[in-house]
>>> print(open('query.txt').read())   # compact mmCIF, C-alpha atoms and all ligand atoms
# COMPACT_ATOMS: atom_id res chain seq x y z
CA MET A 1 60.77 66.84 46.38
CA LYS A 2 63.59 65.30 44.41
CA LEU A 3 62.03 61.96 43.46
CA GLN A 4 58.40 62.78 42.71
CA ASP A 5 56.71 59.95 40.72
CA HIS A 6 59.83 57.77 40.82
CA LEU A 7 59.70 54.06 41.56
CA ALA A 8 62.63 52.81 43.63
CA ILE A 9 63.58 49.22 44.43
CA ILE A 10 65.75 48.86 47.54
CA THR A 11 67.26 45.51 48.50
CA GLY A 12 67.79 44.73 52.17
CA GLY A 13 65.17 47.37 52.93
CA GLY A 14 64.05 45.65 56.13
CA ARG A 15 66.55 47.25 58.51
CA GLY A 16 69.80 49.20 58.85
CA MET A 17 70.91 51.24 55.85
CA GLY A 18 68.17 49.82 53.61
CA ARG A 19 65.50 51.01 56.03
CA ALA A 20 67.07 54.51 56.12
CA ASP A 21 67.11 54.53 52.30
CA CYS A 22 63.40 53.58 52.17
CA LEU A 23 62.44 56.35 54.60
CA LEU A 24 64.50 59.08 52.90
CA LEU A 25 63.67 58.22 49.29
CA ALA A 26 59.96 58.01 50.17
CA LYS A 27 60.18 61.40 51.89
CA GLU A 28 61.51 62.75 48.60
CA GLY A 29 58.43 61.45 46.78
CA ALA A 30 59.51 58.02 45.52
CA THR A 31 57.32 54.95 45.81
CA VAL A 32 59.67 52.51 47.50
CA ILE A 33 59.66 48.77 46.98
CA SER A 34 61.51 47.14 49.83
CA LEU A 35 62.91 43.70 49.04
CA ASP A 36 64.30 41.74 51.96
CA LYS A 37 64.91 38.11 52.86
CA ASN A 38 63.16 38.99 56.10
CA GLY A 39 59.70 39.78 54.72
CA GLU A 40 58.30 40.76 58.11
CA ASN A 41 60.96 43.46 58.60
CA ALA A 42 60.39 44.70 55.05
CA ARG A 43 56.64 44.96 55.72
CA ASN A 44 57.28 46.85 58.97
CA VAL A 45 59.47 49.37 57.16
CA ALA A 46 56.86 49.78 54.41
CA GLU A 47 54.33 50.52 57.16
CA GLU A 48 56.73 53.09 58.70
CA VAL A 49 56.98 54.78 55.29
CA ARG A 50 53.19 54.89 54.96
CA GLN A 51 52.91 56.35 58.46
CA GLN A 52 55.21 59.21 57.45
CA GLY A 53 52.88 59.86 54.48
CA GLY A 54 54.86 58.01 51.81
CA ARG A 55 54.16 55.12 49.46
CA ALA A 56 55.78 51.72 49.96
CA GLU A 57 55.38 48.04 49.30
CA ALA A 58 57.33 45.11 50.68
CA TYR A 59 58.33 41.74 49.31
CA GLY A 60 60.09 38.88 51.06
CA VAL A 61 62.84 38.11 48.55
CA ASP A 62 66.16 36.33 48.85
CA ILE A 63 68.57 37.95 46.37
CA THR A 64 70.52 34.69 46.08
CA ASN A 65 67.47 33.12 44.40
CA THR A 66 67.40 34.09 40.71
CA ALA A 67 63.86 32.85 40.01
CA GLU A 68 62.47 34.73 43.02
CA VAL A 69 64.28 37.95 42.05
CA ASN A 70 63.11 37.76 38.42
CA ARG A 71 59.52 37.02 39.42
CA VAL A 72 59.24 39.90 41.89
CA VAL A 73 60.98 42.48 39.67
CA GLN A 74 58.64 41.55 36.81
CA GLU A 75 55.63 41.82 39.15
CA VAL A 76 56.75 45.31 40.22
CA ALA A 77 57.38 46.39 36.61
CA ASP A 78 53.96 45.06 35.51
CA LYS A 79 52.21 46.87 38.34
CA TYR A 80 53.97 50.25 38.21
CA LYS A 81 55.07 50.29 34.52
CA ARG A 82 58.41 51.81 35.54
CA ILE A 83 61.53 51.23 37.61
CA ASP A 84 63.54 54.44 37.92
CA ILE A 85 65.89 53.60 40.78
CA LEU A 86 67.65 50.54 42.10
CA VAL A 87 69.57 50.56 45.38
CA ASN A 88 71.58 47.35 45.68
CA ASN A 89 72.07 47.36 49.43
CA ALA A 90 71.53 43.84 50.85
CA GLY A 91 74.70 42.23 52.12
CA PHE A 92 76.29 40.38 55.01
CA ASP A 93 79.68 39.33 56.34
CA ASP A 94 80.69 36.53 58.64
CA ILE A 95 83.84 38.09 60.05
CA LYS A 96 86.77 35.72 60.61
CA PRO A 97 90.39 35.35 59.49
CA PHE A 98 90.77 34.08 55.92
CA ILE A 99 92.80 31.10 57.14
CA ASP A 100 89.70 29.86 59.04
CA THR A 101 87.30 30.12 56.09
CA THR A 102 86.11 27.27 53.90
CA GLU A 103 85.15 27.21 50.22
CA LYS A 104 81.52 26.95 51.39
CA ASP A 105 81.99 30.30 53.19
CA TRP A 106 83.45 31.85 50.01
CA ASP A 107 80.54 30.62 47.89
CA PHE A 108 78.00 32.03 50.36
CA LEU A 109 79.66 35.45 50.62
CA ILE A 110 80.26 35.85 46.88
CA ASP A 111 76.79 34.59 45.98
CA LEU A 112 75.18 37.19 48.24
CA ASN A 113 77.50 40.20 48.14
CA LEU A 114 78.54 40.06 44.48
CA LYS A 115 76.16 37.82 42.52
CA GLY A 116 73.15 39.03 44.53
CA HIS A 117 73.71 42.55 43.18
CA LEU A 118 74.29 41.21 39.65
CA ARG A 119 71.02 39.23 39.78
CA VAL A 120 68.83 42.15 40.81
CA THR A 121 70.58 44.50 38.37
CA LYS A 122 70.12 42.03 35.47
CA ALA A 123 66.41 41.74 36.28
CA VAL A 124 65.89 45.52 36.54
CA LEU A 125 68.04 46.71 33.61
CA PRO A 126 65.70 45.79 30.71
CA HIS A 127 63.00 48.00 32.25
CA MET A 128 65.40 50.94 32.60
CA ILE A 129 66.74 50.43 29.08
CA ALA A 130 63.19 50.44 27.68
CA ALA A 131 62.57 53.75 29.47
CA ASN A 132 65.98 55.14 28.46
CA LYS A 133 66.46 56.27 32.05
CA GLY A 134 67.63 54.94 35.38
CA ALA A 135 69.88 55.36 38.39
CA ILE A 136 71.56 52.45 40.12
CA VAL A 137 73.50 52.59 43.37
CA PHE A 138 75.61 49.78 44.78
CA ILE A 139 76.51 49.57 48.43
CA SER A 140 80.04 48.22 48.54
CA SER A 141 82.33 48.78 51.54
CA ASP A 142 85.56 50.49 52.49
CA ALA A 143 86.76 46.93 53.14
CA ALA A 144 86.98 46.74 49.33
CA ARG A 145 89.11 49.87 49.03
CA VAL A 146 91.64 49.51 51.84
CA GLY A 147 91.13 46.03 53.32
CA SER A 148 89.66 45.09 56.68
CA THR A 149 90.90 42.40 59.05
CA GLY A 150 88.56 39.37 59.02
CA GLU A 151 86.81 40.48 55.83
CA ALA A 152 88.98 39.02 53.05
CA VAL A 153 86.31 37.26 50.98
CA TYR A 154 83.62 39.86 51.71
CA GLY A 155 86.15 42.55 50.71
CA ALA A 156 86.87 40.68 47.48
CA ALA A 157 83.15 40.46 46.65
CA LYS A 158 82.66 44.14 47.50
CA ALA A 159 85.69 45.05 45.34
CA GLY A 160 83.97 43.15 42.52
CA ILE A 161 81.00 45.49 42.97
CA ILE A 162 83.28 48.49 42.37
CA GLY A 163 84.59 47.01 39.12
CA PHE A 164 81.06 46.06 38.06
CA THR A 165 79.76 49.60 38.75
CA LYS A 166 82.37 51.17 36.49
CA THR A 167 81.78 48.91 33.49
CA LEU A 168 78.01 49.05 33.90
CA ALA A 169 78.25 52.85 33.95
CA ARG A 170 80.14 52.78 30.64
CA GLU A 171 77.84 50.23 28.99
CA GLU A 172 74.55 51.79 30.04
CA ALA A 173 75.33 55.51 29.69
CA ARG A 174 73.93 55.41 26.14
CA HIS A 175 70.59 54.33 27.65
CA GLY A 176 70.53 57.23 30.09
CA ILE A 177 71.32 54.94 32.99
CA ARG A 178 73.84 56.00 35.64
CA ALA A 179 75.57 53.62 38.04
CA ASN A 180 77.51 54.69 41.12
CA CYS A 181 78.90 53.03 44.20
CA ILE A 182 79.02 53.94 47.88
CA CYS A 183 81.59 52.52 50.27
CA PRO A 184 80.35 52.92 53.84
CA GLY A 185 82.78 52.79 56.70
CA LEU A 186 81.68 51.43 60.08
CA THR A 187 78.02 52.41 60.35
CA ASP A 188 75.69 51.85 63.30
CA THR A 189 73.13 49.32 62.02
CA PRO A 190 71.70 46.13 63.59
CA GLN A 191 74.45 44.08 61.92
CA PHE A 192 77.09 46.51 63.21
CA GLN A 193 75.64 46.16 66.76
CA ALA A 194 75.81 42.37 66.50
CA ASN A 195 79.47 42.59 65.48
CA LEU A 196 80.24 45.13 68.20
CA ALA A 197 78.82 42.73 70.81
CA ASP A 198 81.33 40.06 69.81
CA PRO A 199 84.36 40.44 72.13
CA LYS A 200 87.03 39.85 69.46
CA ILE A 201 85.37 41.72 66.57
CA GLY A 202 84.12 44.50 68.86
CA LYS A 203 87.69 45.12 70.07
CA ILE A 204 88.91 45.60 66.49
CA MET A 205 85.97 47.91 65.71
CA ARG A 206 86.69 50.05 68.79
CA SER A 207 90.33 50.35 67.80
CA VAL A 208 89.33 51.44 64.27
CA GLU A 209 87.05 54.15 65.74
CA LYS A 210 90.13 56.00 67.05
CA TRP A 211 91.50 56.29 63.51
CA ILE A 212 88.35 57.84 62.04
CA PRO A 213 89.17 61.55 61.56
CA LEU A 214 85.59 62.52 62.52
CA LYS A 215 85.99 60.33 65.64
CA ARG A 216 82.73 58.40 65.46
CA PHE A 217 80.88 55.67 63.63
CA GLY A 218 78.46 56.56 60.83
CA LYS A 219 74.67 56.58 60.96
CA PRO A 220 72.46 54.79 58.40
CA GLU A 221 70.79 58.14 57.62
CA GLU A 222 74.19 59.52 56.53
CA ILE A 223 74.58 56.72 54.00
CA ALA A 224 71.01 57.35 52.80
CA LYS A 225 71.88 60.98 52.04
CA ALA A 226 74.66 59.82 49.71
CA VAL A 227 72.21 57.36 48.12
CA LEU A 228 69.76 60.21 47.55
CA PHE A 229 72.49 62.25 45.85
CA PHE A 230 73.31 59.42 43.44
CA VAL A 231 69.68 58.56 42.55
CA SER A 232 68.47 62.14 42.11
CA ASP A 233 69.17 64.75 39.45
CA ASP A 234 71.64 66.37 41.84
CA SER A 235 74.14 63.90 40.36
CA SER A 236 72.88 64.06 36.76
CA PHE A 237 76.45 64.29 35.38
CA VAL A 238 77.98 61.71 37.72
CA THR A 239 78.40 58.06 36.77
CA GLY A 240 80.86 55.24 37.45
CA GLN A 241 82.03 56.87 40.69
CA VAL A 242 82.92 55.44 44.08
CA LEU A 243 82.25 57.48 47.21
CA SER A 244 83.47 56.55 50.68
CA VAL A 245 81.12 57.66 53.43
CA SER A 246 83.32 56.81 56.38
CA GLY A 247 84.12 59.91 58.42
CA GLY A 248 87.38 60.29 56.51
CA LEU A 249 88.76 56.89 57.54
CA THR A 250 89.62 56.18 53.92
CA MET A 251 90.91 58.78 51.52
CA VAL A 252 91.61 56.98 48.25
N1 LIG B 1 77.16 48.53 58.80
C1 LIG B 1 78.39 48.70 58.36
O1 LIG B 1 79.28 49.09 59.12
C2 LIG B 1 78.72 48.45 56.90
C3 LIG B 1 79.96 48.89 56.42
C4 LIG B 1 80.26 48.74 55.08
C5 LIG B 1 79.33 48.16 54.23
N2 LIG B 1 78.13 47.72 54.71
C6 LIG B 1 77.19 47.15 53.76
O2 LIG B 1 76.00 47.93 53.80
C7 LIG B 1 74.87 47.12 53.45
C8 LIG B 1 73.80 47.22 54.53
O3 LIG B 1 74.38 46.77 55.74
P1 LIG B 1 73.68 46.94 57.17
O4 LIG B 1 74.77 47.19 58.13
O5 LIG B 1 72.54 47.87 57.05
O6 LIG B 1 73.19 45.44 57.40
P2 LIG B 1 71.94 44.82 58.19
O7 LIG B 1 72.27 43.39 58.41
O8 LIG B 1 71.61 45.64 59.38
O9 LIG B 1 70.78 44.93 57.09
C9 LIG B 1 70.91 44.18 55.90
C10 LIG B 1 69.55 43.77 55.39
O10 LIG B 1 69.77 42.94 54.22
C11 LIG B 1 68.92 41.81 54.31
N3 LIG B 1 69.48 40.66 53.58
C12 LIG B 1 70.55 39.91 53.94
N4 LIG B 1 70.71 38.91 53.06
C13 LIG B 1 69.72 39.02 52.13
C14 LIG B 1 69.36 38.27 51.01
N5 LIG B 1 70.01 37.15 50.66
N6 LIG B 1 68.30 38.67 50.28
C15 LIG B 1 67.58 39.78 50.64
N7 LIG B 1 67.88 40.51 51.72
C16 LIG B 1 68.94 40.14 52.47
C17 LIG B 1 68.82 41.51 55.79
O11 LIG B 1 67.65 40.74 56.09
C18 LIG B 1 68.77 42.91 56.39
O12 LIG B 1 67.45 43.40 56.48
C19 LIG B 1 75.42 45.71 53.26
O13 LIG B 1 75.67 45.48 51.89
C20 LIG B 1 76.72 45.74 54.03
O14 LIG B 1 77.63 44.79 53.54
C21 LIG B 1 77.80 47.85 56.03
>>> encode(input="query.txt", output="structure tokens")
Amino acid sequence: MKLQDHLAIITGGGRGMGRADCLLLAKEGATVISLDKNGENARNVAEEVRQQGGRAEAYGVDITNTAEVNRVVQEVADKYKRIDILVNNAGFDDIKPFIDTTEKDWDFLIDLNLKGHLRVTKAVLPHMIAANKGAIVFISSDAARVGSTGEAVYGAAKAGIIGFTKTLAREEARHGIRANCICPGLTDTPQFQANLADPKIGKIMRSVEKWIPLKRFGKPEEIAKAVLFFVSDDSSFVTGQVLSVSGGLTMV
């Protein structure tokens, strides 16, 4: 097992990619702490992990709430005396043309998709620095690398994550902490299904599918495999990198 005795915090662990991350990292021996705004989903995933023989705990946490994030991360650190892995996965987009967005929409999307990751990282970092060890993965999006119709502000926030990953990797290398970033392409999760069901958005998604060299959408488990690579020793000499997992849709 690649993550024996490791403690991993995964945001948005209640469904979709976060759920797949919880299941795979636990299979590799990590104790997974699933943080999700939807506490019930997070608890269900923790139960799934336990049923497959792993260790997991769940917390209902909104990553846009600094006090809540700080309190829960401290609680986890006090209980387990270590935080080895952080997967910054939680995110959301309300897809619509930029011209139709308001400043309130921008604030919401940036607060969640960019500042949400900063908040959790800021809370976790001191524990990794004290241990002189850590692996952090950010889930950005190919929307940040090549653009995506209807995702202007989300894409901007996700591009911010790429820049943040690179500087964090430089700053924290001396503490033995690595930071890397994954850009999923269209991946079949509950949020993806909700978007696909929308006539306008679904039409765009179907048209994009034709341009994916591997001719299909991704699966959450395929993103989780890339997460496992970045948080395990398999990537011990890799930091500050951005990996698209998108069936070849983007090659940048
Ligand atoms: N599915 C795709 O096609 C796709 C493509 C590129 C990037 N992404 C990114 O991948 C990540 C996971 O996406 P997904 O498709 O699995 O989404 P999803 O909506 O299926 O799951 C996201 C999870 O995050 C949780 N969450 C949302 N806001 C939160 C908050 N404020 N605090 C705590 N938890 C919160 C949700 O409750 C949910 O359980 C997101 O960052 C998303 O932007 C997804």
>>> residues_around(input="query.txt", residues="segment 40-54 of chain A", least_positions_apart="2", cutoff="7 Å", atoms="all atoms listed in the file", output="PyMOL selection string")
chain A and resi 13-15+19+23+26-27+34-36+38+56-59
>>> atom_distance(input="query.txt", atom1="atom CA of Ile129 of chain A", atom2="atom N4 of ligand LIG 1 (chain B)")
26.9 Å
>>> closest_atom_pairs(input="query.txt", of="chain A", to="ligand LIG 1 (chain B)", cutoff="7 Å", atoms="all atoms listed in the file", output="JSON lines")
{"residue": "A:Thr11", "atom": "CA", "partner": "B:LIG1", "partner_atom": "N7", "distance": 6.0}
{"residue": "A:Gly12", "atom": "CA", "partner": "B:LIG1", "partner_atom": "O10", "distance": 3.4}
{"residue": "A:Gly13", "atom": "CA", "partner": "B:LIG1", "partner_atom": "O12", "distance": 5.8}
{"residue": "A:Gly14", "atom": "CA", "partner": "B:LIG1", "partner_atom": "O12", "distance": 4.1}
{"residue": "A:Arg15", "atom": "CA", "partner": "B:LIG1", "partner_atom": "O12", "distance": 4.4}
{"residue": "A:Gly16", "atom": "CA", "partner": "B:LIG1", "partner_atom": "O5", "distance": 3.5}
{"residue": "A:Met17", "atom": "CA", "partner": "B:LIG1", "partner_atom": "O5", "distance": 3.9}
{"residue": "A:Gly18", "atom": "CA", "partner": "B:LIG1", "partner_atom": "O5", "distance": 5.9}
{"residue": "A:Leu35", "atom": "CA", "partner": "B:LIG1", "partner_atom": "C15", "distance": 6.3}
{"residue": "A:Asp36", "atom": "CA", "partner": "B:LIG1", "partner_atom": "N7", "distance": 3.8}
{"residue": "A:Lys37", "atom": "CA", "partner": "B:LIG1", "partner_atom": "C15", "distance": 3.9}
{"residue": "A:Asn38", "atom": "CA", "partner": "B:LIG1", "partner_atom": "O11", "distance": 4.8}
{"residue": "A:Asn41", "atom": "CA", "partner": "B:LIG1", "partner_atom": "O12", "distance": 6.8}
{"residue": "A:Val61", "atom": "CA", "partner": "B:LIG1", "partner_atom": "C15", "distance": 5.4}
{"residue": "A:Asp62", "atom": "CA", "partner": "B:LIG1", "partner_atom": "N6", "distance": 3.5}
{"residue": "A:Ile63", "atom": "CA", "partner": "B:LIG1", "partner_atom": "N6", "distance": 4.0}
{"residue": "A:Thr64", "atom": "CA", "partner": "B:LIG1", "partner_atom": "N5", "distance": 5.2}
{"residue": "A:Asn89", "atom": "CA", "partner": "B:LIG1", "partner_atom": "O13", "distance": 4.7}
{"residue": "A:Ala90", "atom": "CA", "partner": "B:LIG1", "partner_atom": "O10", "distance": 3.9}
{"residue": "A:Gly91", "atom": "CA", "partner": "B:LIG1", "partner_atom": "O13", "distance": 3.4}
{"residue": "A:Phe92", "atom": "CA", "partner": "B:LIG1", "partner_atom": "O14", "distance": 4.8}
{"residue": "A:Asp93", "atom": "CA", "partner": "B:LIG1", "partner_atom": "O14", "distance": 6.5}
{"residue": "A:Leu112", "atom": "CA", "partner": "B:LIG1", "partner_atom": "N5", "distance": 5.7}
{"residue": "A:Asn113", "atom": "CA", "partner": "B:LIG1", "partner_atom": "O13", "distance": 6.7}
{"residue": "A:Ile139", "atom": "CA", "partner": "B:LIG1", "partner_atom": "O13", "distance": 5.4}
{"residue": "A:Ser140", "atom": "CA", "partner": "B:LIG1", "partner_atom": "C5", "distance": 5.7}
{"residue": "A:Ser141", "atom": "CA", "partner": "B:LIG1", "partner_atom": "C5", "distance": 4.1}
{"residue": "A:Asp142", "atom": "CA", "partner": "B:LIG1", "partner_atom": "C4", "distance": 6.2}
{"residue": "A:Cys183", "atom": "CA", "partner": "B:LIG1", "partner_atom": "C4", "distance": 6.3}
{"residue": "A:Pro184", "atom": "CA", "partner": "B:LIG1", "partner_atom": "C4", "distance": 4.4}
{"residue": "A:Gly185", "atom": "CA", "partner": "B:LIG1", "partner_atom": "C3", "distance": 4.8}
{"residue": "A:Leu186", "atom": "CA", "partner": "B:LIG1", "partner_atom": "O1", "distance": 3.5}
{"residue": "A:Thr187", "atom": "CA", "partner": "B:LIG1", "partner_atom": "O1", "distance": 3.8}
{"residue": "A:Asp188", "atom": "CA", "partner": "B:LIG1", "partner_atom": "N1", "distance": 5.8}
{"residue": "A:Thr189", "atom": "CA", "partner": "B:LIG1", "partner_atom": "O4", "distance": 4.7}
{"residue": "A:Pro190", "atom": "CA", "partner": "B:LIG1", "partner_atom": "O8", "distance": 4.2}
{"residue": "A:Gln191", "atom": "CA", "partner": "B:LIG1", "partner_atom": "O8", "distance": 4.1}
{"residue": "A:Phe192", "atom": "CA", "partner": "B:LIG1", "partner_atom": "N1", "distance": 4.9}
>>> residues_near_point(input="query.txt", point="(95.6, 55.2, 48.1)", cutoff="9 Å", atoms="only C-alpha atoms", output="CSV table (one decimal) with C-alpha atoms, keeping the file's coordinate frame")
chain,number,residue,atom,x,y,z
A,145,ARG,CA,89.1,49.9,49.0
A,146,VAL,CA,91.6,49.5,51.8
A,250,THR,CA,89.6,56.2,53.9
A,251,MET,CA,90.9,58.8,51.5
A,252,VAL,CA,91.6,57.0,48.2
>>> closest_atom_pairs(input="query.txt", of="segment 32-124 of chain A", to="segment 203-223 of chain A", cutoff="12 Å", atoms="all atoms listed in the file", output="Markdown table")
| residue | atom | partner | partner_atom | distance |
| --- | --- | --- | --- | --- |
| A:Val87 | CA | A:Ile223 | CA | 11.7 |
| A:Asn89 | CA | A:Ile223 | CA | 10.7 |
| A:Ile95 | CA | A:Ile204 | CA | 11.1 |
| A:Lys96 | CA | A:Ile204 | CA | 11.7 |
>>> atom_distance(input="query.txt", atom1="atom CA of Ala143 of chain A", atom2="atom CA of Leu249 of chain A")
11.1 Å
>>> decode(input="query.txt", residues="segment 3-90 of chain A", atoms="C-alpha atoms", output="mmCIF file, in the first residue's frame")
data_model
loop_
_atom_site.group_PDB
_atom_site.id
_atom_site.type_symbol
_atom_site.label_atom_id
_atom_site.label_comp_id
_atom_site.auth_asym_id
_atom_site.auth_seq_id
_atom_site.Cartn_x
_atom_site.Cartn_y
_atom_site.Cartn_z
ATOM 1 C CA LEU A 3 -0.184 5.531 1.829
ATOM 2 C CA GLN A 4 0.117 3.354 4.925
ATOM 3 C CA ASP A 5 -0.261 5.449 8.139
ATOM 4 C CA HIS A 6 -0.921 8.657 6.189
ATOM 5 C CA LEU A 7 -3.642 11.107 7.161
ATOM 6 C CA ALA A 8 -5.387 12.708 4.186
ATOM 7 C CA ILE A 9 -7.856 15.589 4.184
ATOM 8 C CA ILE A 10 -10.079 15.706 1.102
ATOM 9 C CA THR A 11 -12.427 18.627 0.488
ATOM 10 C CA GLY A 12 -15.677 18.008 -1.356
ATOM 11 C CA GLY A 13 -15.337 14.355 -0.357
ATOM 12 C CA GLY A 14 -19.099 13.792 -0.312
ATOM 13 C CA ARG A 15 -19.558 12.888 -3.975
ATOM 14 C CA GLY A 16 -18.037 12.926 -7.462
ATOM 15 C CA MET A 17 -14.261 13.162 -7.703
ATOM 16 C CA GLY A 18 -13.859 13.752 -3.952
ATOM 17 C CA ARG A 19 -15.672 10.504 -3.198
ATOM 18 C CA ALA A 20 -13.431 8.618 -5.664
ATOM 19 C CA ASP A 21 -10.366 10.174 -3.991
ATOM 20 C CA CYS A 22 -11.581 9.055 -0.539
ATOM 21 C CA LEU A 23 -12.152 5.477 -1.717
ATOM 22 C CA LEU A 24 -8.817 5.147 -3.542
ATOM 23 C CA LEU A 25 -6.600 6.840 -0.954
ATOM 24 C CA ALA A 26 -8.198 4.749 1.808
ATOM 25 C CA LYS A 27 -7.601 1.597 -0.238
ATOM 26 C CA GLU A 28 -3.937 2.582 -0.300
ATOM 27 C CA GLY A 29 -3.875 2.732 3.500
ATOM 28 C CA ALA A 30 -4.592 6.398 4.269
ATOM 29 C CA THR A 31 -7.020 7.487 6.946
ATOM 30 C CA VAL A 32 -9.255 9.852 5.018
ATOM 31 C CA ILE A 33 -10.967 12.897 6.459
ATOM 32 C CA SER A 34 -13.766 13.921 4.160
ATOM 33 C CA LEU A 35 -14.803 17.564 4.447
ATOM 34 C CA ASP A 36 -17.946 18.577 2.609
ATOM 35 C CA LYS A 37 -20.590 21.272 2.863
ATOM 36 C CA ASN A 38 -23.036 18.403 2.585
ATOM 37 C CA GLY A 39 -22.217 16.590 5.836
ATOM 38 C CA GLU A 40 -24.658 13.761 5.161
ATOM 39 C CA ASN A 41 -22.958 12.873 1.857
ATOM 40 C CA ALA A 42 -19.546 13.083 3.535
ATOM 41 C CA ARG A 43 -20.714 10.699 6.271
ATOM 42 C CA ASN A 44 -22.103 8.269 3.673
ATOM 43 C CA VAL A 45 -18.765 8.217 1.850
ATOM 44 C CA ALA A 46 -16.899 7.685 5.128
ATOM 45 C CA GLU A 47 -19.199 4.721 5.766
ATOM 46 C CA GLU A 48 -18.460 3.372 2.257
ATOM 47 C CA VAL A 49 -14.736 3.603 3.034
ATOM 48 C CA ARG A 50 -15.207 1.716 6.308
ATOM 49 C CA GLN A 51 -17.228 -0.952 4.497
ATOM 50 C CA GLN A 52 -14.316 -1.542 2.117
ATOM 51 C CA GLY A 53 -12.069 -2.010 5.184
ATOM 52 C CA GLY A 54 -10.576 1.484 5.327
ATOM 53 C CA ARG A 55 -10.492 4.273 7.893
ATOM 54 C CA ALA A 56 -12.482 7.463 7.407
ATOM 55 C CA GLU A 57 -14.128 10.322 9.218
ATOM 56 C CA ALA A 58 -16.474 12.982 7.916
ATOM 57 C CA TYR A 59 -17.094 16.604 8.776
ATOM 58 C CA GLY A 60 -19.737 18.964 7.439
ATOM 59 C CA VAL A 61 -17.593 21.967 6.521
ATOM 60 C CA ASP A 62 -18.144 24.887 4.189
ATOM 61 C CA ILE A 63 -14.747 25.897 2.780
ATOM 62 C CA THR A 64 -15.956 29.481 2.331
ATOM 63 C CA ASN A 65 -16.144 29.794 6.129
ATOM 64 C CA THR A 66 -12.668 30.520 7.529
ATOM 65 C CA ALA A 67 -13.562 29.937 11.191
ATOM 66 C CA GLU A 68 -15.188 26.585 10.401
ATOM 67 C CA VAL A 69 -12.208 25.458 8.287
ATOM 68 C CA ASN A 70 -9.673 26.475 10.955
ATOM 69 C CA ARG A 71 -11.643 24.797 13.743
ATOM 70 C CA VAL A 72 -12.033 21.470 11.937
ATOM 71 C CA VAL A 73 -8.439 21.303 10.654
ATOM 72 C CA GLN A 74 -7.177 21.976 14.196
ATOM 73 C CA GLU A 75 -9.523 19.290 15.562
ATOM 74 C CA VAL A 76 -8.161 16.772 13.031
ATOM 75 C CA ALA A 77 -4.538 17.743 13.777
ATOM 76 C CA ASP A 78 -5.136 17.449 17.552
ATOM 77 C CA LYS A 79 -6.727 14.034 17.162
ATOM 78 C CA TYR A 80 -4.338 12.430 14.669
ATOM 79 C CA LYS A 81 -1.145 14.453 15.389
ATOM 80 C CA ARG A 82 -0.398 14.592 11.664
ATOM 81 C CA ILE A 83 -1.720 15.785 8.313
ATOM 82 C CA ASP A 84 0.280 14.255 5.467
ATOM 83 C CA ILE A 85 -1.980 14.923 2.496
ATOM 84 C CA LEU A 86 -4.398 17.610 1.419
ATOM 85 C CA VAL A 87 -6.592 17.246 -1.657
ATOM 86 C CA ASN A 88 -8.229 20.585 -2.439
ATOM 87 C CA ASN A 89 -11.108 19.307 -4.542
ATOM 88 C CA ALA A 90 -14.346 21.121 -3.590
#
